[in-house]
Amino acid sequence: MNVLLMGHPNVGKSVFFNRLTGANVTESNYPGTTVDFTKGWMKIDGEDAELVDVPGTFSLDPKDKAEEVAVAMLHENKDAKVICVIDASKIERGVYLALEILEEGYPMVIALNMWDAAVDKNILIDINNLQRILGVPVVSTVAISGEGIKELTLKLKEAKPIKIEDIVKNAGGLT
Amino acid sequence: MKLTIDQRWDLIDKIAKQTVTFGEYRHTLKDAIGELTIKPFTGIPIAIAVMYAFWSIFSSFAGTLFTDGFMVKLFDGHFLPWMQDIFPGAGGWLYYIIVGDPLANNSFEALGVLTSGFFVAIGVVLPAIFIFYLMLALLEDMGYMPRLAVLIDTVLHRIGLHGYAIVPTILSLGCNVPGVAATRILETKKQRFIMMTLLAIFIPCGAQIGIMEEVIPDTMGWVLLYLITGYFIFGYILNKIVPGKSPEFLIDVPPYRKPMISNLSKKVWGRIVGFFKVALPFVLLGCGIVNVLYLVGFIDWVGNVFSPVFVLWFGVPEATAGPLIAAFLRKDLAVAQLSVIEMTPYQMISAVVLVSIYFPCVATFAMMIKEGVKEMLGALAVLFVVVFLYGGLIHLIGILLGVA
C-alpha cells in the first residue's frame, strides 16, 4: 500500500513522517522545510506500507517548484491513500485542499493537527459532525507529542473514495 | 464531480458553520512577543541583537574556546610534532604529501594531508559547524525565521527577491548545498536563478567562516562586507537584466514554539554525520591533490601563466593559484592555505574574497546541476563576469585607498 502525507506547508507533515516511520526527516518551524519528497516504510496492521512525505502545498494548482513536486507525487500514485494533515486552527483552507484531493477520487484520512494550539485559541471543532459530512475518518492529533498517531494509522484502512455529491448533500446543498 | 473554486469555498463555509465554533480569544504573552519581533520599530533592533548574539556565540565558542583553547594546543603541541617525528622519509615526496613541511611549528603551515588537513577539518571546521547548526536549529524550531523574512522583505525586493529569500541565504551560511535546494520555495524561475547565482557566488559557508575567524580575525569583517555588498550590487543588476517576474510575498508566520531537544539534537547530529561522510574526505582529498599538483609543478605553471591576471588585475600574489585550485574542493581548505602565503593584509582580503566568489565547491556544483543544467550554466556565466569585475573593482578600491 502507498500512503501520501499531504497538507499545507508547516502543518507538521514531517513530524508525522518521523513518528510513523522512525526516520530522520528535518523538521522546522517554518514553511518550506521539505522541498523534495522522502519515502519511508510504516506498518499498518502488520502490513508494510510505503509512506511519502510530500512537500507542503496550498492547492493542487502549484505556485512554486516544491508545490509542483507535491502535485506530481499525487498524480503519479493513482492508487495511493492520502493522510491529509490540517492545521486545526485554520481548518477552512485545509479542507479546501482536502476537497480537491477527494474530488480526484483518493481515499483519505484527515488529521486535525496542532489540536492543542486550537484548544488554546478556544477553537472548538465538532469532529463527529465533520466526519459525518465529509464521510472520511477525522482524527485530532498533536504530532509533536504523538497524540492521535496510533488512531490515525488504525483509521487508514477505513479510508475509501468519497463522492463529492454526498459531501454537498451532507452539508445541506450548495447555495 | 469536480467543483469550481467558488463552489468549493461555498461548501467549506457550510461545513465550517456546522462544525467549528470560535470561543473568545485571549491575547497571550506569546502573541505579544510575536508582534514585537515583527513590527519594524521593535523588530529590527531585535533582529540585529539576535544576529549579534548568534555571531558572538559562534566566534567565542568555535574560535576562542574550542579551536584556540583546545584544538590548537592539541594539534600544534602534540599531534604535529608526533607526525613529523614518526613518519618515515622526511624530505621525500610521500612525506611532503602526508605530513608536509618537516620544520613547520604550527598545523596551518605544515600543509600535509594528515597534519593541516586534519587540523582544518577537526580542529577548526567541526566546532564551527556544530555551534552554527545548533543555533540555526534553535532559531528554526522556535519560528524566528519567517519573522526575519517579513522584516527584510522590502530590502530583498530591490534585488528581485522577497523576504523568504532569507531562508536559502541563511541555510547557505551553514552550507551552500541545502541553500541551493531551498531555492525551490521561490515562485518563479527568475527568482530561483537570481537566488542560486547569488548563493553560489557571495555566500560563504559555515566551514569557511569558521576558518576565516581563525586565520584572519582582524580583517574578516572586510571580507564579509565585500561579499554582502556584492550580493546586493549584483542582485540589483541581475534583477534588471534577467527576464521574468518577481511576485509579491505571502507567508504564514507560525506561532513561536518551544524547541524540542530531541529534534535539535537530531538536526545537529545529522550535520555532524554529514561532516564526517562528506566534508572530511573532501578536505583530505583536496589537501592531497594540491600537494601532488605542487610536486609536479602544475601549480607554479598555472601561477606563471596567469600571473598577469593575478598580479595586475586582482592584485594578489601568483602563489594564490594553489588555494584557488583547492577551493574547488573545499573553500575552508583554500582559506587555510591562503593564510600561509606571504602577502599584505589588503591582498589577503582580496584573495579570500576571490576564493569565496570564484567557482562554487564541488558539492554545491553537483546540487546546482541537479536543479537544472541550463540554470547552472547561466549561473556560471554570471560567475565568471562577476569574479573578473568584482575582483578588479576590489583591487581598484585598494589602489585608491593606497593599501593595495
# chains A, B, ... in the order shown; residues from 1 in each chain; ligands from 1

$ interface_residues --of "chain A" --to "chain B" --cutoff "9 Å" --atoms "only C-alpha atoms" --output "number ranges by chain"
A: 9-10, 24-36, 63-67, 91-93, 95-96, 99-100, 103-104, 120-130, 133-134, 144, 163-165, 167-168, 170-175

$ select_by_dssp --residues "stretch 26-157 of chain A" --states "alpha helix (DSSP H)" --output "PyMOL selection string"
chain A and resi 65-76+91-103+115-120+127-134+149-155

$ residues_around --residues "B:Asn239" --least-positions-apart "2" --cutoff "6 Å" --atoms "only C-alpha atoms" --output "ChimeraX atom specification"
/B:159-160,236-237,241-242

$ write_last_selection --atoms "all heavy atoms" --output "PDB file, in the first residue's frame"
ATOM      1  N   ILE B 159      16.344  43.486  -5.064  1.00  0.00           N
ATOM      2  CA  ILE B 159      17.169  42.615  -5.890  1.00  0.00           C
ATOM      3  C   ILE B 159      16.321  41.490  -6.495  1.00  0.00           C
ATOM      4  O   ILE B 159      16.815  40.419  -6.808  1.00  0.00           O
ATOM      5  CB  ILE B 159      18.384  42.055  -5.110  1.00  0.00           C
ATOM      6  CG1 ILE B 159      17.956  41.231  -3.893  1.00  0.00           C
ATOM      7  CG2 ILE B 159      19.289  43.179  -4.664  1.00  0.00           C
ATOM      8  CD1 ILE B 159      19.121  40.498  -3.243  1.00  0.00           C
ATOM      9  N   GLY B 160      15.020  41.787  -6.680  1.00  0.00           N
ATOM     10  CA  GLY B 160      14.164  40.849  -7.408  1.00  0.00           C
ATOM     11  C   GLY B 160      13.725  39.652  -6.595  1.00  0.00           C
ATOM     12  O   GLY B 160      13.138  38.723  -7.112  1.00  0.00           O
ATOM     13  N   TYR B 236      20.942  43.405  -7.653  1.00  0.00           N
ATOM     14  CA  TYR B 236      20.243  44.532  -8.268  1.00  0.00           C
ATOM     15  C   TYR B 236      20.378  44.475  -9.791  1.00  0.00           C
ATOM     16  O   TYR B 236      19.408  44.609 -10.527  1.00  0.00           O
ATOM     17  CB  TYR B 236      20.832  45.838  -7.721  1.00  0.00           C
ATOM     18  CG  TYR B 236      20.135  47.070  -8.215  1.00  0.00           C
ATOM     19  CD1 TYR B 236      18.947  47.495  -7.627  1.00  0.00           C
ATOM     20  CD2 TYR B 236      20.668  47.814  -9.273  1.00  0.00           C
ATOM     21  CE1 TYR B 236      18.299  48.633  -8.086  1.00  0.00           C
ATOM     22  CE2 TYR B 236      20.032  48.955  -9.739  1.00  0.00           C
ATOM     23  CZ  TYR B 236      18.846  49.354  -9.139  1.00  0.00           C
ATOM     24  OH  TYR B 236      18.197  50.476  -9.594  1.00  0.00           O
ATOM     25  N   ILE B 237      21.635  44.223 -10.242  1.00  0.00           N
ATOM     26  CA  ILE B 237      21.874  44.161 -11.690  1.00  0.00           C
ATOM     27  C   ILE B 237      21.125  42.972 -12.304  1.00  0.00           C
ATOM     28  O   ILE B 237      20.458  43.111 -13.331  1.00  0.00           O
ATOM     29  CB  ILE B 237      23.392  44.051 -11.983  1.00  0.00           C
ATOM     30  CG1 ILE B 237      24.102  45.307 -11.483  1.00  0.00           C
ATOM     31  CG2 ILE B 237      23.639  43.840 -13.476  1.00  0.00           C
ATOM     32  CD1 ILE B 237      25.612  45.228 -11.526  1.00  0.00           C
ATOM     33  N   ILE B 241      18.379  42.676 -15.461  1.00  0.00           N
ATOM     34  CA  ILE B 241      18.623  42.068 -16.775  1.00  0.00           C
ATOM     35  C   ILE B 241      17.970  40.697 -16.963  1.00  0.00           C
ATOM     36  O   ILE B 241      17.761  40.279 -18.088  1.00  0.00           O
ATOM     37  CB  ILE B 241      20.136  41.980 -17.101  1.00  0.00           C
ATOM     38  CG1 ILE B 241      20.884  41.169 -16.046  1.00  0.00           C
ATOM     39  CG2 ILE B 241      20.742  43.361 -17.255  1.00  0.00           C
ATOM     40  CD1 ILE B 241      22.356  40.988 -16.376  1.00  0.00           C
ATOM     41  N   VAL B 242      17.654  39.992 -15.873  1.00  0.00           N
ATOM     42  CA  VAL B 242      17.040  38.677 -16.061  1.00  0.00           C
ATOM     43  C   VAL B 242      15.553  38.861 -16.328  1.00  0.00           C
ATOM     44  O   VAL B 242      14.871  39.547 -15.561  1.00  0.00           O
ATOM     45  CB  VAL B 242      17.241  37.794 -14.805  1.00  0.00           C
ATOM     46  CG1 VAL B 242      16.527  36.449 -14.973  1.00  0.00           C
ATOM     47  CG2 VAL B 242      18.711  37.570 -14.547  1.00  0.00           C
TER      48      VAL B 242
END

$ select_by_dssp --residues "stretch 37-146 of chain A" --states "strand (DSSP E)" --output "ChimeraX atom specification"
/A:38-44,47-53,81-87,108-113,123-125,138-140

$ residues_around --residues "B:Phe365" --least-positions-apart "3" --cutoff "10 Å" --atoms "only C-alpha atoms" --output "count of residues only"
15

$ closest_residue --among "A:Ser89, A:Ser145, A:Thr153, A:Asn113" --to "B:Ser262" --atoms "only C-alpha atoms"
A:Ser145
